[in-house]
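Reading through the structure tokens given below for one structure.
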Amino acid sequence: ETFKHLISLKRHPDLQLLQFKIPVVSCSMPSEEIKSLSLPVGWKCYRSPEGQKYYVNISTKERTKERRHSAMEMEESFDIDGSFDDASCLSPQSPGSTSPARRQNKEKEIKETKITINCVTFPVPASALEQQLLKPSEWSYCDYFWADKKDPQGATVSGFEVLLQKQLKGKQMQKEMAEFIRERIKIEEEYAKNLSKLSMFPMAAQEEGTLGEAWAQLKKSLADEAEVHLKFSSKLQSEVEKPLLTFRGDNFKKDMKKYDHHIADLRKQQVSRYAAVEKARKALADRQKDLEVKTQQLEIKLSNKTEEDIKKARRKSTQAGDDLMRCVDLYNQAQSKWFEEMVTTSLELERLEVERVETIQQLLRQYTTLRHETDMFNQSTLEPVDQLLQSVDPAKDRELWVKEHKTGDLRPVDMDI
């Protein structure tokens, strides 16, 4: 009734100069003067010890601080039915209680600073400069895999899937390295077998003297070298190939699947919450549009039924706004949970990758160590051969051979007549 009376005053031709300033209170006014000003039914104005004014609804206990609206803004916020279209000056802010113009401006401001891609909300590039990397200068997984990308087939792949593929690829590379070492072992074993077989061939077995001794030692060195290569192949198998095969066994892929399912479930929940936000946003837009239509109808035809419809529409609009706020809050909670798990899990995958690289580095160093040892042992098998070769003396060999095979030292002489 108070609203209707005020509206009738506002419409009165003799009171056009009266500016409707009911909720606007000067901060310099004494508290008695503040209390004397008219407010909508059920609302009272108070001042805090710091001088901040706030309004309290006696029946609903709603409370809000003063917002500095101009007289014209407060006049424009009054509907023709005698109620506030912009309830933000006397009630807590909610999407359902914001005027269409103000709501559109707010949504435009949000859209200018944020963008949603595949149900994930990001800052626009212009405002992203304010973000700091979680681990600057480290090229950490937790900083560079938030967005989705397209694979060569055009399918959408999440940043986390890229990290998982890196882990699985690392596992495959590790397996292929083990297979390579296995082939190297086979070659060593075959080489050792052939060396041993060759050392037993009776070729040049009748060589005599110092040269024969050197030749016999050379053949024997082949057998020694074969033994060295057998030991090398055995150590390759136990110290390089086997660790490569056993490092991260079958449980590794199971762990990766757990990570994948966990993050995927969180992402699905986020997608579901985003869909709920969009549904609630559409419902709010429909409710506000319905409220605007009924308000326009009231301007044409004033009836109790229309006023009652507007009240219902306003309640539904406010409820839709509350639902939108709730859905946005749930979406933000889901995204926050996804964000936390992404950081934690990506750092764990980063740790696993560092561990993989360092482990393989150590195993390959062991390979080169064994290879150097093999060369050293092979060299040692040739040392006796070198020594005997240095002792080869053709004159000595001739002496020995002559002594053993001589047929006589008397030379022929001329025949006498």
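In the structure tokens, the first chain shown is A, the next is B, and so on; residue numbers restart at 1 for each chain, and ligands run from 1 in the order shown.
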field: Expected answer as a PyMOL selection string: alpha helix (DSSP H) residues in range 120-354 of chain A
entry: chain A and resi 141-144+159-199+209-236+242-246+250-300+304-354
Best match for closeness to Leu352 in chain A among A:Leu410, A:Leu222, A:Leu164, A:Leu324, counting only C-alpha atoms: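 Among the listed residues, the smallest separation from Leu352 in chain A belongs to A:Leu164.
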- prompt: Which one of A:Lys135, A:Gln237, A:Pro202, A:Ser158 sits closest to Glu189 in chain A if you count only C-alpha atoms?
  reply: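 So, comparing all the options, the nearest one is A:Gln237.
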query: Leaving out Leu230 in chain A and any residue of its chain fewer than 6 positions from it, which residues lie within 10 Å of it when counting only C-alpha atoms, given as a list in words?
result: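 With the cut-off at 10 Å, the set is Ile185, Glu188, Glu189, Glu190, Tyr191, Ala192, Lys193, Asp224, Leu236 and Thr374 of chain A.
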task: With a distance cut-off of 10 Å and only C-alpha atoms, select the neighbouring residues of Glu239 in chain A, excluding the residue or stretch itself and same-chain residues fewer than 4 positions from it, and output the selection as a ChimeraX atom specification.
output: /A:233-235,243-244,363-364,366-367,370
Include C-alpha atoms and write out the residues we just selected as a PDB file, in the first residue's frame.
```
ATOM      1  CA  SER A 233      76.911 -61.036 -22.397  1.00  0.00           C
ATOM      2  CA  SER A 234      76.051 -62.511 -19.000  1.00  0.00           C
ATOM      3  CA  LYS A 235      76.627 -59.189 -17.238  1.00  0.00           C
ATOM      4  CA  PRO A 243      66.696 -54.049 -14.852  1.00  0.00           C
ATOM      5  CA  LEU A 244      65.236 -52.448 -17.986  1.00  0.00           C
ATOM      6  CA  LEU A 363      71.798 -48.508 -16.865  1.00  0.00           C
ATOM      7  CA  LEU A 364      73.331 -47.226 -20.092  1.00  0.00           C
ATOM      8  CA  GLN A 366      76.636 -49.557 -16.798  1.00  0.00           C
ATOM      9  CA  TYR A 367      76.598 -50.831 -20.382  1.00  0.00           C
ATOM     10  CA  LEU A 370      80.998 -53.284 -19.086  1.00  0.00           C
TER      11      LEU A 370
END
```
Counting only C-alpha atoms, the residue of A:Lys406, A:Arg356, A:Arg351, A:Arg267 that sits nearest Tyr141 in chain A: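 For Tyr141 in chain A, the nearest of the given residues is A:Arg351.
Distances here use only C-alpha atoms; by that measure, the residue among A:Cys142, A:Ala395, A:Leu347, A:Ala280 closest to Met325 in chain A is A:Ala280.
Distances to Gln165 in chain A were evaluated for A:Glu373, A:Glu278, A:Asp393, A:Glu353 using only C-alpha atoms, and the minimum falls at A:Glu353.
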